[in-house]
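Structure file model25.tsv; described as TSV, C-alpha atoms and all ligand atoms.
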chain	number	residue	atom	x	y	z
L	692	MET	CA	11.26	2.12	-44.54
L	693	ALA	CA	9.88	-1.13	-43.21
L	694	THR	CA	6.20	-1.30	-43.97
L	695	THR	CA	3.96	0.22	-41.40
L	696	ASN	CA	1.88	-2.91	-41.61
L	697	THR	CA	4.57	-4.98	-39.93
L	698	MET	CA	5.20	-2.23	-37.42
L	699	VAL	CA	1.62	-2.29	-36.22
L	700	TRP	CA	1.63	-6.08	-36.27
L	701	ARG	CA	4.55	-6.11	-33.94
L	702	TYR	CA	3.04	-3.73	-31.45
L	703	ILE	CA	-0.08	-5.79	-31.10
L	704	VAL	CA	1.73	-9.09	-30.71
L	705	LEU	CA	3.90	-7.62	-28.00
L	706	LEU	CA	0.99	-6.14	-26.21
L	707	LEU	CA	-1.05	-9.32	-26.11
L	708	MET	CA	1.89	-11.56	-25.42
L	709	ILE	CA	3.08	-9.59	-22.46
L	710	TYR	CA	-0.25	-9.06	-20.86
L	711	THR	CA	-1.20	-12.68	-20.41
L	712	SER	CA	-1.46	-14.40	-17.11
L	713	SER	CA	-2.67	-17.97	-17.64
L	714	THR	CA	-2.24	-20.73	-20.21
L	715	ASP	CA	-5.91	-20.53	-21.19
L	716	GLU	CA	-5.66	-16.82	-21.72
L	717	ILE	CA	-2.51	-17.19	-23.78
L	718	THR	CA	-4.15	-19.70	-26.12
L	719	LYS	CA	-7.19	-17.51	-26.55
L	720	LEU	CA	-5.10	-14.40	-27.07
L	721	ILE	CA	-2.90	-16.05	-29.65
L	722	THR	CA	-6.02	-16.91	-31.65
L	723	ILE	CA	-7.27	-13.34	-31.36
L	724	SER	CA	-3.81	-12.03	-32.14
L	725	ASP	CA	-3.63	-14.08	-35.34
L	726	SER	CA	-6.99	-12.77	-36.41
L	727	LEU	CA	-5.96	-9.18	-35.63
L	728	MET	CA	-2.74	-9.53	-37.54
L	729	ASN	CA	-4.59	-10.67	-40.64
L	730	SER	CA	-6.78	-7.60	-40.53
L	731	VAL	CA	-4.06	-4.97	-40.20
L	732	PRO	CA	-4.27	-2.71	-43.25
L	733	ASP	CA	-1.16	-2.17	-45.31
L	734	TYR	CA	-0.64	1.44	-44.27
L	735	SER	CA	1.29	3.51	-46.76
L	736	ARG	CA	1.49	6.73	-44.77
L	737	PHE	CA	0.94	8.17	-41.31
L	738	PHE	CA	-2.29	9.91	-40.31
L	739	THR	CA	-2.56	13.60	-39.56
L	740	VAL	CA	-3.72	14.76	-36.14
L	741	ASP	CA	-7.06	15.80	-37.65
L	742	GLU	CA	-7.52	12.33	-39.11
L	743	LEU	CA	-6.65	10.63	-35.81
L	744	PHE	CA	-8.96	12.83	-33.77
L	745	ASN	CA	-11.80	12.67	-36.31
L	746	HIS	CA	-11.63	8.89	-36.30
L	747	SER	CA	-11.71	8.90	-32.49
L	748	ARG	CA	-14.85	11.01	-32.43
L	749	VAL	CA	-16.56	8.81	-35.02
L	750	VAL	CA	-15.75	5.68	-33.00
L	751	ALA	CA	-17.06	7.25	-29.79
L	752	PHE	CA	-20.22	8.36	-31.60
L	753	THR	CA	-20.74	4.94	-33.18
L	754	HIS	CA	-20.32	2.96	-29.93
L	755	PRO	CA	-21.80	5.18	-27.22
L	756	ASN	CA	-22.38	2.25	-24.85
L	757	LEU	CA	-18.87	0.87	-25.11
L	758	VAL	CA	-16.73	3.99	-25.37
L	759	LYS	CA	-16.12	6.75	-22.90
L	760	TYR	CA	-14.59	9.77	-24.65
L	761	GLN	CA	-13.00	12.47	-22.55
L	762	ASN	CA	-10.40	15.18	-22.86
L	763	VAL	CA	-7.61	14.59	-20.36
L	764	GLY	CA	-5.95	17.95	-20.94
L	765	TYR	CA	-5.05	20.69	-23.36
L	766	SER	CA	-1.91	21.21	-25.38
L	767	ARG	CA	0.27	24.29	-25.19
L	768	ASN	CA	-1.68	25.71	-28.14
L	769	GLY	CA	-4.96	24.97	-26.42
L	770	GLU	CA	-5.98	21.86	-28.36
L	771	ALA	CA	-7.95	19.22	-26.46
L	772	ILE	CA	-6.14	15.91	-25.88
L	773	PRO	CA	-8.68	13.09	-26.06
L	774	MET	CA	-8.62	9.67	-24.44
L	775	LEU	CA	-11.01	6.87	-25.36
L	776	SER	CA	-11.81	4.21	-22.77
L	777	ILE	CA	-13.17	1.09	-24.38
L	778	GLY	CA	-14.49	-2.06	-22.70
L	779	ASN	CA	-15.10	-2.82	-19.07
L	780	GLY	CA	-12.60	-5.49	-18.10
L	781	SER	CA	-10.86	-5.58	-14.76
L	782	LYS	CA	-7.39	-5.01	-16.21
L	783	SER	CA	-6.58	-1.48	-17.17
L	784	LEU	CA	-4.37	-0.86	-20.21
L	785	LEU	CA	-3.10	2.58	-21.13
L	786	LEU	CA	-1.60	3.24	-24.56
L	787	TYR	CA	-0.47	6.71	-25.59
L	788	ALA	CA	0.71	7.64	-29.06
L	789	CYS	CA	3.11	10.36	-30.22
L	790	PRO	CA	4.80	11.13	-26.87
L	791	HIS	CA	7.61	12.27	-29.13
L	792	PRO	CA	5.86	13.98	-32.00
L	793	ASN	CA	8.31	12.69	-34.60
L	794	GLU	CA	7.36	9.12	-33.59
L	795	PRO	CA	3.91	8.42	-35.05
L	796	ILE	CA	4.14	4.65	-35.60
L	797	GLY	CA	2.11	3.95	-32.47
L	798	SER	CA	-0.68	6.23	-33.65
L	799	LEU	CA	-1.35	3.66	-36.39
L	800	LEU	CA	-1.72	0.99	-33.73
L	801	VAL	CA	-4.19	3.10	-31.77
L	802	ASP	CA	-6.08	3.97	-34.93
L	803	PHE	CA	-6.25	0.28	-35.82
L	804	LEU	CA	-7.41	-0.75	-32.35
L	805	LEU	CA	-10.16	1.87	-32.43
L	806	ASP	CA	-11.91	-0.35	-34.97
L	807	ALA	CA	-10.49	-3.82	-34.32
L	808	LEU	CA	-11.30	-4.04	-30.62
L	809	PHE	CA	-15.02	-4.09	-31.34
L	810	GLU	CA	-14.65	-7.27	-33.34
L	811	HIS	CA	-13.21	-9.19	-30.38
L	812	ILE	CA	-15.57	-8.97	-27.48
L	813	ASP	CA	-13.22	-11.07	-25.33
L	814	LEU	CA	-10.75	-8.21	-25.41
L	815	LEU	CA	-13.40	-5.82	-24.13
L	816	GLU	CA	-14.52	-8.14	-21.35
L	817	ALA	CA	-11.05	-8.91	-20.05
L	818	TYR	CA	-9.56	-5.43	-20.37
L	819	THR	CA	-10.40	-1.79	-20.35
L	820	TRP	CA	-8.45	-0.07	-23.09
L	821	HIS	CA	-7.53	3.55	-22.52
L	822	LEU	CA	-6.21	4.94	-25.78
L	823	LEU	CA	-4.68	8.35	-26.43
L	824	PRO	CA	-4.48	8.72	-30.23
L	825	CYS	CA	-2.01	11.60	-29.94
L	826	VAL	CA	-0.74	13.08	-26.69
L	827	ASP	CA	1.26	15.88	-28.36
L	828	PRO	CA	-0.96	17.29	-31.12
L	829	ASP	CA	0.98	20.57	-31.47
L	830	GLY	CA	4.30	18.84	-32.06
L	831	THR	CA	2.80	16.13	-34.25
L	832	ARG	CA	1.20	18.71	-36.55
L	833	LEU	CA	4.66	20.18	-37.09
L	834	ASN	CA	5.85	16.80	-38.40
L	835	GLU	CA	3.02	16.24	-40.85
L	836	GLY	CA	5.14	17.43	-43.77
L	837	TRP	CA	6.83	14.03	-43.96
L	838	PHE	CA	3.89	11.80	-42.97
L	839	SER	CA	2.88	11.04	-46.56
L	840	GLY	CA	6.39	10.40	-47.80
L	841	PRO	CA	8.52	10.05	-49.73
L	842	PHE	CA	10.09	8.17	-46.80
L	843	THR	CA	13.64	9.31	-47.29
L	844	ILE	CA	16.11	10.58	-44.72
L	845	ARG	CA	16.16	13.94	-46.51
L	846	ASN	CA	12.39	14.38	-46.36
L	847	TYR	CA	12.26	13.19	-42.75
L	848	ALA	CA	14.97	15.67	-41.78
L	849	GLN	CA	13.39	18.52	-43.70
L	850	TYR	CA	10.03	18.31	-41.93
L	851	PHE	CA	11.23	16.88	-38.61
L	852	TYR	CA	10.21	18.53	-35.35
L	853	ARG	CA	10.98	17.47	-31.80
L	854	PRO	CA	10.79	19.71	-28.74
L	855	ARG	CA	13.77	20.17	-26.46
L	856	THR	CA	13.98	17.83	-23.47
L	857	GLU	CA	12.47	20.33	-21.03
L	858	GLU	CA	9.31	20.51	-23.15
L	859	GLN	CA	8.84	16.83	-24.02
L	860	VAL	CA	5.87	14.83	-22.80
L	861	GLU	CA	8.09	12.02	-21.70
L	862	TRP	CA	10.65	14.04	-19.76
L	863	THR	CA	8.74	16.58	-17.71
L	864	PHE	CA	6.90	14.56	-15.09
L	865	PRO	CA	7.19	16.09	-11.62
L	866	ILE	CA	9.86	14.37	-9.59
L	867	VAL	CA	11.95	14.79	-6.48
L	868	HIS	CA	15.10	12.72	-6.25
L	869	LYS	CA	17.80	13.47	-3.72
L	870	ASN	CA	18.92	17.06	-4.47
L	871	TYR	CA	17.08	17.38	-7.77
L	872	SER	CA	13.49	18.34	-8.25
L	873	TRP	CA	11.25	19.28	-11.16
L	874	SER	CA	7.75	20.56	-10.65
L	875	THR	CA	6.60	22.02	-13.96
L	876	PRO	CA	5.11	19.36	-16.25
L	877	SER	CA	4.32	20.45	-19.79
L	878	ASN	CA	0.64	20.76	-20.66
L	879	GLU	CA	0.83	17.48	-22.52
L	880	THR	CA	2.57	15.75	-19.61
L	881	GLN	CA	-0.16	17.03	-17.31
L	882	ALA	CA	-2.69	15.41	-19.66
L	883	LEU	CA	-0.85	12.11	-19.44
L	884	MET	CA	-0.64	12.43	-15.64
L	885	ASN	CA	-4.41	12.90	-15.59
L	886	ALA	CA	-4.82	9.82	-17.78
L	887	ILE	CA	-2.58	7.72	-15.52
L	888	GLN	CA	-4.34	8.85	-12.38
L	889	PHE	CA	-7.75	8.26	-13.90
L	890	THR	CA	-6.98	4.82	-15.32
L	891	GLN	CA	-4.69	3.43	-12.59
L	892	PRO	CA	-3.18	1.19	-15.28
L	893	ASP	CA	-1.94	-2.36	-14.82
L	894	PHE	CA	-0.08	-2.01	-18.09
L	895	VAL	CA	1.31	1.08	-19.78
L	896	TYR	CA	2.52	1.02	-23.35
L	897	GLY	CA	4.39	4.18	-24.32
L	898	LEU	CA	4.24	4.19	-28.11
L	899	HIS	CA	7.65	5.53	-28.97
L	900	ASN	CA	9.81	4.55	-31.90
L	901	SER	CA	13.37	5.18	-32.93
L	902	GLY	CA	14.67	6.74	-36.12
L	903	PHE	CA	17.59	4.60	-37.17
L	904	GLY	CA	19.33	1.31	-36.43
L	905	GLY	CA	17.46	-1.70	-35.13
L	906	MET	CA	14.78	-2.79	-32.74
L	907	TYR	CA	15.02	-2.83	-28.95
L	908	TYR	CA	12.75	-2.78	-25.93
L	909	TYR	CA	12.29	-1.19	-22.54
L	910	ILE	CA	10.31	-3.09	-19.94
L	911	SER	CA	9.87	-2.42	-16.24
L	912	GLN	CA	9.93	-6.01	-15.06
L	913	PRO	CA	12.32	-8.82	-16.04
L	914	LEU	CA	9.64	-11.04	-17.57
L	915	SER	CA	12.24	-13.46	-18.81
L	916	ASP	CA	9.68	-15.98	-20.13
L	917	ILE	CA	8.82	-13.69	-23.00
L	918	PHE	CA	12.31	-12.39	-23.74
L	919	PRO	CA	13.19	-15.11	-26.29
L	920	GLU	CA	10.09	-14.20	-28.30
L	921	LEU	CA	10.89	-10.51	-28.12
L	922	GLU	CA	14.42	-11.22	-29.33
L	923	GLN	CA	13.18	-13.31	-32.27
L	924	LEU	CA	10.39	-11.00	-33.32
L	925	PRO	CA	12.44	-8.64	-35.53
L	926	SER	CA	13.92	-11.46	-37.60
L	927	THR	CA	10.49	-12.92	-38.30
L	928	LEU	CA	9.58	-9.56	-39.84
L	929	GLY	CA	12.74	-8.93	-41.80
L	930	LEU	CA	14.00	-6.47	-39.21
L	931	PHE	CA	17.12	-6.38	-37.06
L	932	LEU	CA	17.53	-6.63	-33.32
L	933	ALA	CA	19.81	-3.84	-32.10
L	934	LYS	CA	22.53	-5.74	-30.29
L	935	GLY	CA	24.66	-2.74	-29.46
L	936	GLU	CA	24.75	-1.01	-26.14
L	937	ALA	CA	21.86	0.71	-24.46
L	938	GLU	CA	20.92	4.31	-25.23
L	939	SER	CA	22.11	5.22	-21.75
L	940	PRO	CA	24.67	3.64	-19.47
L	941	TRP	CA	22.37	3.69	-16.45
L	942	VAL	CA	19.75	1.25	-17.71
L	943	THR	CA	19.92	-2.45	-16.85
L	944	GLN	CA	20.19	-4.93	-19.67
L	945	PHE	CA	17.89	-7.92	-19.06
L	946	ALA	CA	18.66	-9.68	-22.35
L	947	PRO	CA	19.96	-8.71	-25.81
L	948	ALA	CA	18.17	-5.45	-26.78
L	949	ILE	CA	15.89	-5.61	-23.73
L	950	PHE	CA	16.47	-3.00	-21.04
L	951	SER	CA	14.96	-1.47	-17.93
L	952	PRO	CA	13.13	1.80	-18.69
L	953	LEU	CA	14.83	5.17	-18.86
L	954	SER	CA	14.59	6.90	-15.52
L	955	LEU	CA	15.78	10.21	-14.16
L	956	ARG	CA	16.48	8.58	-10.82
L	957	ASN	CA	18.83	6.08	-12.37
L	958	ALA	CA	20.57	8.78	-14.40
L	959	TYR	CA	21.14	10.84	-11.27
L	960	ASP	CA	22.46	7.89	-9.30
L	961	TYR	CA	24.79	6.95	-12.14
L	962	TYR	CA	26.31	10.43	-12.31
L	963	GLU	CA	26.60	10.49	-8.53
L	964	LYS	CA	28.45	7.19	-8.51
L	965	TYR	CA	30.78	7.60	-11.47
L	966	THR	CA	31.60	11.32	-11.65
L	967	HIS	CA	32.96	13.94	-9.26
L	968	ILE	CA	30.46	16.53	-10.44
L	969	ASP	CA	27.22	17.38	-8.69
L	970	PRO	CA	24.59	15.33	-10.56
L	971	VAL	CA	22.14	18.24	-10.26
L	972	SER	CA	24.30	20.24	-12.67
L	973	MET	CA	23.96	17.51	-15.29
L	974	MET	CA	20.21	16.94	-15.06
L	975	SER	CA	17.59	18.64	-17.18
L	976	GLY	CA	13.86	18.24	-17.42
L	977	GLY	CA	11.79	16.02	-15.18
L	978	GLY	CA	10.94	12.37	-14.75
L	979	THR	CA	9.71	9.89	-17.33
L	980	SER	CA	6.30	8.27	-17.34
L	981	PHE	CA	7.95	5.27	-15.74
L	982	ASP	CA	9.33	7.51	-12.98
L	983	TYR	CA	5.85	8.91	-12.51
L	984	LEU	CA	4.29	5.47	-12.07
L	985	GLU	CA	6.72	4.86	-9.23
L	986	GLU	CA	6.22	8.36	-7.88
L	987	ILE	CA	2.50	7.71	-7.35
L	988	GLY	CA	2.95	4.17	-6.04
L	989	LEU	CA	2.06	2.15	-9.15
L	990	ASN	CA	5.10	-0.04	-8.68
L	991	ASN	CA	3.49	-3.20	-10.05
L	992	THR	CA	2.38	-1.65	-13.32
L	993	ILE	CA	4.10	-3.21	-16.30
L	994	PHE	CA	5.64	-0.48	-18.43
L	995	LEU	CA	6.70	-1.29	-21.98
L	996	MET	CA	8.23	0.55	-24.88
L	997	ALA	CA	9.22	-1.05	-28.17
L	998	GLU	CA	11.67	1.02	-30.17
L	999	LEU	CA	11.82	0.29	-33.85
L	1000	PRO	CA	13.37	2.41	-36.54
L	1001	TYR	CA	12.17	3.94	-39.77
L	1002	PHE	CA	15.56	3.29	-41.33
L	1003	GLN	CA	17.38	0.14	-40.39
L	1004	SER	CA	20.80	-1.35	-40.93
L	1005	PRO	CA	22.01	-4.95	-40.57
L	1006	VAL	CA	25.13	-3.59	-38.86
L	1007	VAL	CA	23.19	-3.21	-35.61
L	1008	ALA	CA	22.70	-6.96	-35.36
L	1009	ASN	CA	26.45	-7.55	-35.35
L	1010	ASP	CA	27.73	-7.87	-31.81
L	1011	THR	CA	31.25	-8.98	-32.65
L	1012	ILE	CA	33.79	-7.49	-30.30
L	1013	ILE	CA	36.56	-5.68	-32.16
L	1014	PRO	CA	39.92	-6.60	-30.58
L	1015	ASN	CA	42.17	-3.87	-29.20
L	1016	ARG	CA	39.59	-1.14	-29.60
L	1017	THR	CA	37.82	0.39	-26.67
L	1018	GLU	CA	34.45	2.06	-26.64
L	1019	ARG	CA	36.33	5.31	-26.00
L	1020	ASP	CA	38.24	4.88	-29.27
L	1021	VAL	CA	35.02	4.34	-31.19
L	1022	LEU	CA	33.28	7.32	-29.62
L	1023	LEU	CA	36.25	9.60	-30.35
L	1024	GLN	CA	36.33	8.38	-33.93
L	1025	GLY	CA	32.64	9.22	-34.19
L	1026	LEU	CA	33.29	12.75	-32.93
L	1027	ASP	CA	36.04	13.16	-35.52
L	1028	LYS	CA	33.59	12.12	-38.22
L	1029	ASP	CA	31.08	14.68	-36.91
L	1030	ASP	CA	33.76	17.36	-37.16
L	1031	GLU	CA	34.61	16.30	-40.69
L	1032	SER	CA	31.01	16.48	-41.86
L	1033	LEU	CA	30.47	19.85	-40.17
L	1034	PHE	CA	33.64	21.11	-41.85
L	1035	GLN	CA	32.32	19.97	-45.21
L	1036	CYS	CA	28.96	21.63	-44.53
L	1037	PHE	CA	30.47	25.01	-43.76
L	1038	ASN	CA	33.26	25.09	-46.35
L	1101	ZN	ZN	10.54	8.60	-28.13

Go ahead and render the structure in this file as structure tokens.
Amino acid sequence: MATTNTMVWRYIVLLLMIYTSSTDEITKLITISDSLMNSVPDYSRFFTVDELFNHSRVVAFTHPNLVKYQNVGYSRNGEAIPMLSIGNGSKSLLLYACPHPNEPIGSLLVDFLLDALFEHIDLLEAYTWHLLPCVDPDGTRLNEGWFSGPFTIRNYAQYFYRPRTEEQVEWTFPIVHKNYSWSTPSNETQALMNAIQFTQPDFVYGLHNSGFGGMYYYISQPLSDIFPELEQLPSTLGLFLAKGEAESPWVTQFAPAIFSPLSLRNAYDYYEKYTHIDPVSMMSGGGTSFDYLEEIGLNNTIFLMAELPYFQSPVVANDTIIPNRTERDVLLQGLDKDDESLFQCFN
């Protein structure tokens, strides 16, 4: 595993870099960013939900004049989902950790910011930071078996938990698109909807991460000025940029490893255009948080996700085109390999 230290580093750089609007601000933010980077602890494990929530309460208690602590909803098991609002700047930033409960890297960023923000008053005057330390506490608790390592694929697989699509925070936002509709958000999604409505964010950072491969990004606007830096970031940290294709064929590629966000609308339209089957029959779950921002008219909000893996491979940085082999050939070969491994498992 790449060290969690560098993972958190990366999140913060991206956040500050993207949310700048003037040369003066950029210079100031780079200085702050450098200082923040130097103070990131060298995390050796992920925090439990209890640790994350306890830290949140301590921070709120310690800074009563600067922090507003509120529960934005309750999980399926009835656990409160807290959000801390810190600072009083005009720009509203919303960061939510663990939208997929097997993806806790972003919770380290939130945990770090809960202390670090108070050492940079500029950040509290320019922005209001709305932080959800863990939006899916039930699911995250079910992953805690691997949070302290050893960080091996076997241990990760053994204690891995991820809800099915129709129960995920990120895929059950209410949505109506052409002939498809979904109106039953999960409890945790409802909490995030409350947070979005309350904060009216200018910037939303969905703290996902991937499991394997290389690093890539989703961003709602083609901010091409920052794309070269995003592309170079992995190599400066000893990581690999995932130069392969997108996770889904219906996203737009802005630059290598930089894509438009996943969206139910785009998936539907893609199926409608390229298949002869009713798209409704191929859809499941609801909209994404990005869909929801559009649904409620927050079309100018910048939405970002930075996917980075626990386990990486240099192969993902190789974008050489193999002659005389189509994508179909490669996919079929992959299915054959799946069959082979299943055969070996059951015989
Ligand atoms: Zn995810």

Can you list every residue of chain L that has an atom at most 7 Å from ligand ZN 1101 (chain L), with its nearest atom pair and the distance in Å to one decimal, using only C-alpha atoms and all ligand atoms, ordered by chain then number, as a tab-separated table?
residue	atom	partner	partner_atom	distance
L:Pro790	CA	L:ZN1101	ZN	6.4
L:His791	CA	L:ZN1101	ZN	4.8
L:Glu794	CA	L:ZN1101	ZN	6.3
L:His899	CA	L:ZN1101	ZN	4.3
L:Asn900	CA	L:ZN1101	ZN	5.6
L:Ser901	CA	L:ZN1101	ZN	6.5

Worksheet item: What does the distance from atom CA of L:Val763 to atom CA of L:Ala882 come to in Å, to one decimal?
Response: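 Value for the atom CA of L:Val763-atom CA of L:Ala882 distance: 5.0 Å.
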
Discussion item. I'd like to know which of L:Asp960, L:Tyr965, L:Val942, L:Leu932 is closest to L:Ser1004, using all atoms listed in the file.
Written reply: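 Going through L:Asp960, L:Tyr965, L:Val942, L:Leu932 one by one, the smallest distance to L:Ser1004 is for L:Leu932.
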
Discussion item. Report as number ranges by chain all protein, DNA and RNA residues lying within 12 Å of L:Glu861, evaluated on all atoms listed in the file, omitting residues in the same chain fewer than 3 positions from it.
Written reply: L: 787-792, 826-827, 853-858, 864-865, 876-884, 897-899, 952-955, 976-983, 996

Worksheet item: Between L:Ser839, L:Thr819, L:Asn768, L:Thr753, which has the minimum distance to L:Tyr734 (counting only C-alpha atoms)?
Response: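 Result for the nearest residue to L:Tyr734: L:Ser839.
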
Discussion item. I'd like to know which of L:Asn870, L:Ser730, L:Leu705, L:Gly902 is closest to L:Asp969, using only C-alpha atoms.
Written reply: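 Of all the options, L:Asn870 lies closest to L:Asp969.
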
Item to complete: Using all atoms listed in the file, determine which residues lie at most 12 Å from L:Gly780, disregarding the query and same-chain residues fewer than 2 positions distant; provide the list as a list in words.
Response: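 My reading of the contact set: Leu757, Ser776, Ile777, Gly778, Lys782, Ser783, Leu784, Ile812, Asp813, Leu814, Leu815, Glu816, Ala817, Tyr818, Thr819, Trp820, His821, Pro892 and Asp893 of chain L.
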
Worksheet entry | Which of L:Tyr1001, L:Trp862, L:Phe752, L:Trp700 sits closest to L:Phe842 [using all atoms listed in the file] |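 Looking only at the distances to L:Phe842, the closest residue turns out to be L:Tyr1001.
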
Item to complete: Record the distance separating atom CA of L:Leu800 and atom CA of L:Val699, expressed in Å with one decimal.
Response: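 According to the coordinates, atom CA of L:Leu800 and atom CA of L:Val699 are separated by 5.3 Å.
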
Fill in: Computed interatomic separation between atom CA of L:Glu998 and atom CA of L:Phe950 (Å)
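Calculated distance between atom CA of L:Glu998 and atom CA of L:Phe950 is 11.1 Å.
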
Worksheet entry | For L:Asn885, the nearest of the candidates L:Pro773, L:Pro1000, L:Pro755, L:Pro940, counting all atoms listed in the file |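 Using all atoms listed in the file, L:Asn885 sits closest to L:Pro773.
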
Worksheet item: Of the residues L:Arg701, L:Cys825, L:Glu742, L:Pro795, which is the one nearest to L:Gly764, using all atoms listed in the file?
Response: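 The answer is L:Cys825, which sits nearest to L:Gly764.
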
Edge lengths and centre in Å to one decimal, as AutoDock Vina command-line options, is what I'm after for the box along x, y and z that holds all listed atoms of stretch 931-937 of chain L once 8 Å is added on each side.
--center_x 20.9 --center_y -3.0 --center_z -30.8 --size_x 23.6 --size_y 23.3 --size_z 28.6

Practice prompt. Could you give me, as a ChimeraX atom specification, the residues within 9 Å of L:Gln849, counting only C-alpha atoms and dropping anything in the same chain fewer than 4 positions from it?
Written response: /L:836-837,844-845

Worksheet entry | Shell around L:Pro947 at 10 Å using all atoms listed in the file, local window under 2 positions removed, as a ChimeraX atom specification | /L:907-908,918-919,921-922,932-937,944-945,949-950,1010

From (27.5, 15.8, -15.0), in the file's coordinates, out to 12 Å: which residues are reached, counting only C-alpha atoms? Answer as an mmCIF file with C-alpha atoms, in the frame of the given file.
data_model
loop_
_atom_site.group_PDB
_atom_site.id
_atom_site.type_symbol
_atom_site.label_atom_id
_atom_site.label_comp_id
_atom_site.auth_asym_id
_atom_site.auth_seq_id
_atom_site.Cartn_x
_atom_site.Cartn_y
_atom_site.Cartn_z
ATOM 1 C CA ALA L 958 20.570 8.780 -14.400
ATOM 2 C CA TYR L 959 21.140 10.840 -11.270
ATOM 3 C CA ASP L 960 22.460 7.890 -9.300
ATOM 4 C CA TYR L 961 24.790 6.950 -12.140
ATOM 5 C CA TYR L 962 26.310 10.430 -12.310
ATOM 6 C CA GLU L 963 26.600 10.490 -8.530
ATOM 7 C CA LYS L 964 28.450 7.190 -8.510
ATOM 8 C CA TYR L 965 30.780 7.600 -11.470
ATOM 9 C CA THR L 966 31.600 11.320 -11.650
ATOM 10 C CA HIS L 967 32.960 13.940 -9.260
ATOM 11 C CA ILE L 968 30.460 16.530 -10.440
ATOM 12 C CA ASP L 969 27.220 17.380 -8.690
ATOM 13 C CA PRO L 970 24.590 15.330 -10.560
ATOM 14 C CA VAL L 971 22.140 18.240 -10.260
ATOM 15 C CA SER L 972 24.300 20.240 -12.670
ATOM 16 C CA MET L 973 23.960 17.510 -15.290
ATOM 17 C CA MET L 974 20.210 16.940 -15.060
ATOM 18 C CA SER L 975 17.590 18.640 -17.180
#

Worksheet item: So which residues touch L:Phe994 within 7 Å, counting only C-alpha atoms, skipping near sequence neighbours fewer than 2 positions away, as an NGL selection string?
Response: :L and (894-896 or 910-911 or 981 or 992)

Output file for the selection above: C-alpha atoms, as a PDB file, in the frame of the given file:
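What ended up in out32.pdb:
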ATOM      1  CA  PHE L 894      -0.080  -2.010 -18.090  1.00  0.00           C
ATOM      2  CA  VAL L 895       1.310   1.080 -19.780  1.00  0.00           C
ATOM      3  CA  TYR L 896       2.520   1.020 -23.350  1.00  0.00           C
ATOM      4  CA  ILE L 910      10.310  -3.090 -19.940  1.00  0.00           C
ATOM      5  CA  SER L 911       9.870  -2.420 -16.240  1.00  0.00           C
ATOM      6  CA  PHE L 981       7.950   5.270 -15.740  1.00  0.00           C
ATOM      7  CA  THR L 992       2.380  -1.650 -13.320  1.00  0.00           C
TER       8      THR L 992
END
